[in-house]
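**Student:** One file is attached below, query.cif, containing mmCIF, N, CA and C atoms.
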data_protein
#
loop_
_atom_site.label_atom_id
_atom_site.label_comp_id
_atom_site.auth_asym_id
_atom_site.auth_seq_id
_atom_site.Cartn_x
_atom_site.Cartn_y
_atom_site.Cartn_z
N MET A 1 40.03 184.54 248.01
CA MET A 1 41.41 184.61 247.55
C MET A 1 41.48 184.57 246.03
N ASN A 2 40.68 183.72 245.38
CA ASN A 2 40.66 183.65 243.92
C ASN A 2 40.23 184.96 243.29
N LEU A 3 39.24 185.59 243.91
CA LEU A 3 38.74 186.86 243.39
C LEU A 3 39.81 187.94 243.47
N VAL A 4 40.55 187.97 244.56
CA VAL A 4 41.63 188.95 244.73
C VAL A 4 42.72 188.72 243.68
N MET A 5 43.10 187.48 243.47
CA MET A 5 44.12 187.15 242.46
C MET A 5 43.66 187.54 241.07
N THR A 6 42.41 187.29 240.77
CA THR A 6 41.86 187.63 239.46
C THR A 6 41.90 189.14 239.25
N ILE A 7 41.53 189.88 240.26
CA ILE A 7 41.55 191.35 240.17
C ILE A 7 42.98 191.85 240.00
N VAL A 8 43.91 191.30 240.73
CA VAL A 8 45.32 191.70 240.64
C VAL A 8 45.86 191.40 239.24
N VAL A 9 45.58 190.22 238.72
CA VAL A 9 46.04 189.86 237.38
C VAL A 9 45.42 190.78 236.33
N CYS A 10 44.15 191.06 236.45
CA CYS A 10 43.48 191.97 235.49
C CYS A 10 44.09 193.36 235.53
N LEU A 11 44.38 193.84 236.72
CA LEU A 11 45.02 195.16 236.85
C LEU A 11 46.41 195.17 236.23
N LEU A 12 47.16 194.11 236.46
CA LEU A 12 48.50 194.03 235.86
C LEU A 12 48.42 194.00 234.33
N VAL A 13 47.51 193.24 233.79
CA VAL A 13 47.33 193.18 232.34
C VAL A 13 46.93 194.55 231.81
N LEU A 14 46.02 195.21 232.51
CA LEU A 14 45.58 196.55 232.10
C LEU A 14 46.76 197.53 232.12
N LEU A 15 47.56 197.49 233.17
CA LEU A 15 48.72 198.38 233.26
C LEU A 15 49.72 198.10 232.14
N LEU A 16 49.96 196.84 231.83
CA LEU A 16 50.87 196.49 230.73
C LEU A 16 50.33 196.99 229.39
N CYS A 17 49.04 196.88 229.18
CA CYS A 17 48.43 197.36 227.93
C CYS A 17 48.58 198.87 227.81
N VAL A 18 48.32 199.58 228.89
CA VAL A 18 48.46 201.05 228.88
C VAL A 18 49.91 201.43 228.61
N TYR A 19 50.84 200.76 229.26
CA TYR A 19 52.25 201.03 229.06
C TYR A 19 52.65 200.77 227.60
N TRP A 20 52.22 199.65 227.04
CA TRP A 20 52.55 199.31 225.66
C TRP A 20 51.98 200.35 224.69
N LEU A 21 50.74 200.76 224.90
CA LEU A 21 50.13 201.77 224.02
C LEU A 21 50.85 203.10 224.13
N ARG A 22 51.23 203.47 225.34
CA ARG A 22 51.95 204.72 225.54
C ARG A 22 53.30 204.69 224.82
N CYS A 23 54.02 203.57 224.92
CA CYS A 23 55.30 203.43 224.23
C CYS A 23 55.12 203.44 222.72
N ALA A 24 54.10 202.79 222.24
CA ALA A 24 53.84 202.76 220.79
C ALA A 24 53.51 204.16 220.29
N TRP A 25 52.77 204.93 221.06
CA TRP A 25 52.42 206.28 220.66
C TRP A 25 53.65 207.18 220.64
N ARG A 26 54.50 207.04 221.65
CA ARG A 26 55.70 207.86 221.74
C ARG A 26 56.75 207.49 220.71
N ARG A 27 56.77 206.24 220.29
CA ARG A 27 57.83 205.75 219.42
C ARG A 27 57.95 206.55 218.14
N ASN A 28 56.88 207.08 217.65
CA ASN A 28 56.92 207.78 216.38
C ASN A 28 56.77 209.28 216.54
N ARG A 29 57.25 209.78 217.68
CA ARG A 29 57.24 211.22 217.92
C ARG A 29 58.59 211.64 218.47
N LEU A 30 59.14 212.65 217.88
CA LEU A 30 60.41 213.20 218.36
C LEU A 30 60.14 214.13 219.54
N THR A 31 61.11 214.24 220.42
CA THR A 31 61.00 215.24 221.48
C THR A 31 61.20 216.62 220.85
N GLY A 32 60.92 217.66 221.60
CA GLY A 32 61.08 219.01 221.07
C GLY A 32 62.50 219.30 220.61
N VAL A 33 63.47 218.88 221.41
CA VAL A 33 64.89 219.11 221.07
C VAL A 33 65.27 218.31 219.81
N GLN A 34 64.83 217.06 219.74
CA GLN A 34 65.13 216.24 218.57
C GLN A 34 64.50 216.84 217.31
N ARG A 35 63.28 217.34 217.44
CA ARG A 35 62.58 217.95 216.31
C ARG A 35 63.34 219.19 215.83
N GLN A 36 63.73 220.04 216.76
CA GLN A 36 64.47 221.25 216.41
C GLN A 36 65.79 220.91 215.72
N ARG A 37 66.49 219.90 216.26
CA ARG A 37 67.76 219.49 215.68
C ARG A 37 67.56 218.98 214.26
N ALA A 38 66.53 218.17 214.05
CA ALA A 38 66.27 217.61 212.71
C ALA A 38 65.92 218.72 211.73
N LEU A 39 65.09 219.66 212.15
CA LEU A 39 64.71 220.75 211.25
C LEU A 39 65.89 221.66 210.94
N LEU A 40 66.74 221.89 211.91
CA LEU A 40 67.94 222.70 211.69
C LEU A 40 68.88 221.99 210.71
N ARG A 41 69.06 220.69 210.90
CA ARG A 41 69.91 219.93 209.97
C ARG A 41 69.30 219.94 208.57
N TRP A 42 67.97 219.88 208.48
CA TRP A 42 67.34 219.90 207.17
C TRP A 42 67.57 221.23 206.47
N LYS A 43 67.52 222.33 207.22
CA LYS A 43 67.83 223.64 206.63
C LYS A 43 69.26 223.64 206.08
N GLY A 44 70.17 223.02 206.80
CA GLY A 44 71.55 222.91 206.34
C GLY A 44 71.66 222.12 205.05
N VAL A 45 70.85 221.09 204.93
CA VAL A 45 70.83 220.29 203.69
C VAL A 45 70.42 221.16 202.52
N ARG A 46 69.37 221.92 202.71
CA ARG A 46 68.86 222.78 201.63
C ARG A 46 69.86 223.87 201.25
N ALA A 47 70.74 224.23 202.15
CA ALA A 47 71.71 225.30 201.88
C ALA A 47 72.93 224.80 201.11
N LEU A 48 73.13 223.50 201.02
CA LEU A 48 74.29 222.96 200.32
C LEU A 48 74.17 223.17 198.81
N ALA A 49 75.28 223.52 198.18
CA ALA A 49 75.26 223.77 196.74
C ALA A 49 75.41 222.48 195.92
N ASP A 50 76.22 221.57 196.39
CA ASP A 50 76.48 220.33 195.64
C ASP A 50 75.30 219.37 195.79
N PRO A 51 74.63 219.02 194.70
CA PRO A 51 73.45 218.15 194.80
C PRO A 51 73.76 216.76 195.37
N HIS A 52 74.94 216.23 195.05
CA HIS A 52 75.31 214.92 195.59
C HIS A 52 75.47 214.99 197.10
N ARG A 53 76.12 216.04 197.55
CA ARG A 53 76.32 216.23 199.00
C ARG A 53 74.97 216.42 199.70
N ARG A 54 74.07 217.16 199.06
CA ARG A 54 72.73 217.38 199.63
C ARG A 54 72.01 216.06 199.84
N LEU A 55 72.11 215.18 198.86
CA LEU A 55 71.43 213.89 198.98
C LEU A 55 72.06 213.03 200.07
N LEU A 56 73.38 213.03 200.15
CA LEU A 56 74.06 212.29 201.21
C LEU A 56 73.65 212.79 202.59
N GLU A 57 73.61 214.10 202.75
CA GLU A 57 73.25 214.69 204.04
C GLU A 57 71.77 214.48 204.36
N ALA A 58 70.91 214.58 203.36
CA ALA A 58 69.48 214.37 203.59
C ALA A 58 69.20 212.96 204.09
N ASP A 59 69.88 211.99 203.49
CA ASP A 59 69.72 210.61 203.93
C ASP A 59 70.21 210.46 205.37
N ALA A 60 71.29 211.15 205.71
CA ALA A 60 71.83 211.10 207.08
C ALA A 60 70.85 211.72 208.08
N VAL A 61 70.15 212.78 207.67
CA VAL A 61 69.17 213.41 208.56
C VAL A 61 68.04 212.42 208.86
N LEU A 62 67.52 211.77 207.82
CA LEU A 62 66.46 210.80 208.05
C LEU A 62 66.95 209.64 208.91
N GLU A 63 68.18 209.20 208.68
CA GLU A 63 68.72 208.11 209.48
C GLU A 63 68.80 208.51 210.96
N LYS A 64 69.21 209.73 211.24
CA LYS A 64 69.30 210.22 212.61
C LYS A 64 67.91 210.32 213.25
N VAL A 65 66.94 210.79 212.47
CA VAL A 65 65.57 210.88 212.98
C VAL A 65 65.06 209.49 213.36
N LEU A 66 65.29 208.52 212.49
CA LEU A 66 64.84 207.15 212.78
C LEU A 66 65.57 206.58 213.99
N ALA A 67 66.86 206.90 214.13
CA ALA A 67 67.61 206.45 215.30
C ALA A 67 67.05 207.09 216.57
N ASP A 68 66.73 208.39 216.50
CA ASP A 68 66.15 209.08 217.65
C ASP A 68 64.81 208.48 218.05
N LEU A 69 64.10 207.91 217.08
CA LEU A 69 62.81 207.28 217.37
C LEU A 69 62.96 205.87 217.91
N GLY A 70 64.20 205.38 217.97
CA GLY A 70 64.44 204.08 218.57
C GLY A 70 64.64 202.95 217.58
N TYR A 71 64.71 203.26 216.29
CA TYR A 71 64.94 202.21 215.30
C TYR A 71 66.45 202.01 215.18
N GLY A 72 66.88 200.76 215.27
CA GLY A 72 68.31 200.47 215.24
C GLY A 72 68.71 199.75 213.97
N GLY A 73 70.01 199.51 213.86
CA GLY A 73 70.55 198.79 212.72
C GLY A 73 70.97 199.73 211.61
N SER A 74 71.13 199.15 210.43
CA SER A 74 71.53 199.95 209.26
C SER A 74 70.34 200.79 208.80
N MET A 75 70.58 201.66 207.85
CA MET A 75 69.49 202.47 207.32
C MET A 75 68.41 201.57 206.70
N GLY A 76 68.83 200.52 206.03
CA GLY A 76 67.86 199.57 205.47
C GLY A 76 67.00 198.94 206.55
N ASP A 77 67.62 198.55 207.65
CA ASP A 77 66.88 197.98 208.78
C ASP A 77 65.88 198.99 209.34
N LYS A 78 66.33 200.22 209.47
CA LYS A 78 65.46 201.27 210.01
C LYS A 78 64.27 201.50 209.10
N LEU A 79 64.51 201.54 207.78
CA LEU A 79 63.41 201.75 206.84
C LEU A 79 62.42 200.59 206.88
N ARG A 80 62.93 199.38 207.01
CA ARG A 80 62.03 198.22 207.08
C ARG A 80 61.17 198.27 208.34
N ARG A 81 61.78 198.63 209.46
CA ARG A 81 61.04 198.64 210.73
C ARG A 81 60.05 199.80 210.82
N ALA A 82 60.44 200.95 210.29
CA ALA A 82 59.58 202.14 210.39
C ALA A 82 58.71 202.33 209.16
N GLY A 83 58.80 201.41 208.22
CA GLY A 83 58.16 201.57 206.93
C GLY A 83 56.70 201.95 206.95
N LYS A 84 55.93 201.39 207.88
CA LYS A 84 54.50 201.69 207.88
C LYS A 84 54.20 203.12 208.31
N TYR A 85 55.18 203.81 208.88
CA TYR A 85 54.99 205.19 209.31
C TYR A 85 55.58 206.20 208.33
N ILE A 86 56.24 205.72 207.29
CA ILE A 86 56.92 206.60 206.34
C ILE A 86 56.05 206.78 205.10
N PRO A 87 55.69 208.02 204.79
CA PRO A 87 54.90 208.25 203.57
C PRO A 87 55.75 207.98 202.33
N ASP A 88 55.15 207.40 201.32
CA ASP A 88 55.84 207.11 200.06
C ASP A 88 57.14 206.34 200.29
N LEU A 89 57.03 205.24 200.99
CA LEU A 89 58.20 204.45 201.36
C LEU A 89 59.02 204.03 200.15
N ASP A 90 58.37 203.68 199.05
CA ASP A 90 59.11 203.27 197.85
C ASP A 90 60.01 204.39 197.34
N ASP A 91 59.52 205.63 197.41
CA ASP A 91 60.33 206.78 196.98
C ASP A 91 61.51 207.00 197.91
N VAL A 92 61.30 206.77 199.19
CA VAL A 92 62.39 206.90 200.16
C VAL A 92 63.44 205.82 199.91
N TRP A 93 62.99 204.60 199.61
CA TRP A 93 63.95 203.54 199.27
C TRP A 93 64.75 203.91 198.03
N ARG A 94 64.07 204.47 197.00
CA ARG A 94 64.79 204.89 195.79
C ARG A 94 65.83 205.96 196.12
N ALA A 95 65.45 206.88 196.98
CA ALA A 95 66.38 207.94 197.38
C ALA A 95 67.59 207.35 198.12
N HIS A 96 67.33 206.40 198.99
CA HIS A 96 68.44 205.77 199.73
C HIS A 96 69.35 204.99 198.78
N LYS A 97 68.77 204.30 197.81
CA LYS A 97 69.59 203.57 196.84
C LYS A 97 70.41 204.53 195.99
N LEU A 98 69.83 205.68 195.68
CA LEU A 98 70.57 206.70 194.93
C LEU A 98 71.72 207.22 195.79
N ARG A 99 71.47 207.41 197.06
CA ARG A 99 72.52 207.83 197.99
C ARG A 99 73.65 206.81 198.01
N ASN A 100 73.29 205.52 198.02
CA ASN A 100 74.32 204.48 198.02
C ASN A 100 75.14 204.51 196.74
N ARG A 101 74.50 204.78 195.62
CA ARG A 101 75.25 204.89 194.36
C ARG A 101 76.24 206.04 194.42
N ILE A 102 75.81 207.17 194.98
CA ILE A 102 76.71 208.32 195.11
C ILE A 102 77.91 207.94 195.98
N ALA A 103 77.64 207.27 197.07
CA ALA A 103 78.70 206.91 198.02
C ALA A 103 79.67 205.87 197.46
N HIS A 104 79.19 204.99 196.57
CA HIS A 104 80.02 203.86 196.14
C HIS A 104 80.47 203.91 194.68
N GLU A 105 79.98 204.87 193.93
CA GLU A 105 80.38 204.99 192.53
C GLU A 105 81.01 206.37 192.29
N PRO A 106 82.32 206.47 192.47
CA PRO A 106 82.98 207.77 192.26
C PRO A 106 82.74 208.30 190.85
N GLY A 107 82.53 209.59 190.76
CA GLY A 107 82.33 210.21 189.46
C GLY A 107 80.92 210.12 188.94
N LEU A 108 80.01 209.55 189.70
CA LEU A 108 78.61 209.42 189.27
C LEU A 108 77.99 210.80 189.10
N THR A 109 77.29 211.01 188.01
CA THR A 109 76.59 212.25 187.78
C THR A 109 75.10 211.95 187.68
N LEU A 110 74.32 212.66 188.46
CA LEU A 110 72.87 212.46 188.48
C LEU A 110 72.17 213.67 187.88
N SER A 111 70.99 213.45 187.36
CA SER A 111 70.22 214.56 186.81
C SER A 111 69.63 215.38 187.96
N TYR A 112 69.38 216.63 187.68
CA TYR A 112 68.78 217.53 188.66
C TYR A 112 67.44 216.96 189.12
N ARG A 113 66.67 216.44 188.19
CA ARG A 113 65.35 215.89 188.49
C ARG A 113 65.43 214.70 189.45
N ASP A 114 66.40 213.81 189.22
CA ASP A 114 66.56 212.65 190.10
C ASP A 114 66.90 213.07 191.53
N VAL A 115 67.81 214.02 191.64
CA VAL A 115 68.22 214.49 192.97
C VAL A 115 67.06 215.19 193.67
N GLU A 116 66.36 216.05 192.96
CA GLU A 116 65.24 216.78 193.57
C GLU A 116 64.11 215.84 193.98
N SER A 117 63.86 214.83 193.17
CA SER A 117 62.83 213.85 193.50
C SER A 117 63.21 213.08 194.77
N ALA A 118 64.47 212.68 194.86
CA ALA A 118 64.96 211.97 196.04
C ALA A 118 64.90 212.86 197.27
N LEU A 119 65.31 214.11 197.12
CA LEU A 119 65.28 215.04 198.25
C LEU A 119 63.85 215.28 198.73
N ALA A 120 62.91 215.38 197.79
CA ALA A 120 61.51 215.59 198.16
C ALA A 120 60.97 214.41 198.97
N ALA A 121 61.32 213.19 198.57
CA ALA A 121 60.88 212.00 199.30
C ALA A 121 61.47 211.97 200.71
N LEU A 122 62.75 212.28 200.82
CA LEU A 122 63.40 212.28 202.13
C LEU A 122 62.85 213.39 203.02
N GLU A 123 62.61 214.55 202.42
CA GLU A 123 62.05 215.67 203.19
C GLU A 123 60.67 215.32 203.73
N LYS A 124 59.84 214.72 202.91
CA LYS A 124 58.50 214.34 203.33
C LYS A 124 58.57 213.37 204.53
N ALA A 125 59.50 212.43 204.45
CA ALA A 125 59.65 211.47 205.55
C ALA A 125 60.14 212.15 206.83
N VAL A 126 61.13 213.03 206.69
CA VAL A 126 61.66 213.73 207.87
C VAL A 126 60.56 214.58 208.49
N LEU A 127 59.85 215.33 207.68
CA LEU A 127 58.82 216.24 208.21
C LEU A 127 57.65 215.50 208.82
N ARG A 128 57.40 214.28 208.36
CA ARG A 128 56.33 213.47 208.93
C ARG A 128 56.58 213.22 210.42
N PHE A 129 57.84 213.03 210.78
CA PHE A 129 58.18 212.75 212.17
C PHE A 129 58.41 214.03 212.97
N CYS A 130 58.43 215.18 212.30
CA CYS A 130 58.66 216.46 212.98
C CYS A 130 57.36 217.22 213.23
N LYS A 131 56.24 216.59 213.06
CA LYS A 131 54.94 217.26 213.31
C LYS A 131 54.82 217.66 214.75
#
Could you write out this file's structure as structure tokens?
**Tutor:**
Amino acid sequence: MNLVMTIVVCLLVLLLCVYWLRCAWRRNRLTGVQRQRALLRWKGVRALADPHRRLLEADAVLEKVLADLGYGGSMGDKLRRAGKYIPDLDDVWRAHKLRNRIAHEPGLTLSYRDVESALAALEKAVLRFCK
């Protein structure tokens, strides 16, 4: 009886480990539909003429991607939780802070270089999850 219980417990532990690894692997991968939607939205970002609007929309695309991956809370919460999977996380944080300045400081004017740098960081993060 002890041997049977030991085998059953070992099998349950093994199944839980496999399930956990499978969930961890899936967590950072978008489905095909989610990937297509994110890439289509990113094309829309690049088509916008207003640099401030482009940055606002780019940040929203990354936020949606992170939400699709199962990260909840505010954008800051999502960045903290997904941080180890995001390339150049510091640059993405700078881009998000720049987005917040645009949203909360009417009349703010940013340099072309600042906007392009922020967009490049956000694009790199979005594309990382769209592989």
**Student:** For Ser117 of chain A, which residue out of A:Cys130, A:Val65, A:Leu98, A:Val13 is the nearest one, using only C-alpha atoms?
**Tutor:**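 Smallest distance to Ser117 of chain A is found for A:Leu98.
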**Student:** Would you work out the distance separating atom C of Val33 of chain A from atom C of Pro51 of chain A, expressed in Å to one decimal?
**Tutor:** 25.9 Å
**Student:** Got a sec: who's within 8 Å of Ala58 of chain A, counting only N, CA and C atoms, leaving out chain neighbours fewer than 5 positions off, as number ranges by chain?
**Tutor:** A: 41-42, 44-46, 52-53, 63-64, 118-119, 122-123
**Student:** Which of these residues is nearest to Arg99 of chain A, using only N, CA and C atoms: A:Arg113, A:Leu40, A:Gly70, A:Asp59?
**Tutor:**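 For Arg99 of chain A, the nearest of the candidates is A:Asp59.
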**Student:** Could you spell out the hits of the PyMOL selection byres ((chain A and resi 74-91) around 8) on the shown file, as a PyMOL selection string?
**Tutor:** chain A and resi 28+62-63+66-67+70-73+92-97+117-118+120-122+124-126+128-129
**Student:** In Å to one decimal, how far is atom C of Leu56 of chain A from atom CA of Arg37 of chain A?
**Tutor:**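 It comes out at 15.8 Å.
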**Student:** Quick one: of A:Arg35, A:Asn100, A:Leu48, A:Ala60, who's nearest to Lys131 of chain A, counting all atoms listed in the file?
**Tutor:**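 Answer, going by the shortest atom-to-atom distance: A:Arg35.
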**Student:** Taking only C-alpha atoms into account, name the residue in A:Glu116, A:Leu108, A:Ala103, A:Leu69 that is nearest to Gln34 of chain A.
**Tutor:**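 Closest candidate: A:Leu69.
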**Student:** At what distance in Å, to one decimal, does atom N of Glu57 of chain A lie from atom C of His104 of chain A?
**Tutor:**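 About the pair atom C of His104 of chain A and atom N of Glu57 of chain A: they are 14.7 Å apart.
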**Student:** Could you check the closest approach to Leu30 of chain A for each of A:Leu127, A:Ser111, A:Asp68, A:Leu14 and tell me which residue wins, using only N, CA and C atoms?
**Tutor:**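 Of the candidates, the smallest distance to Leu30 of chain A is held by A:Asp68.
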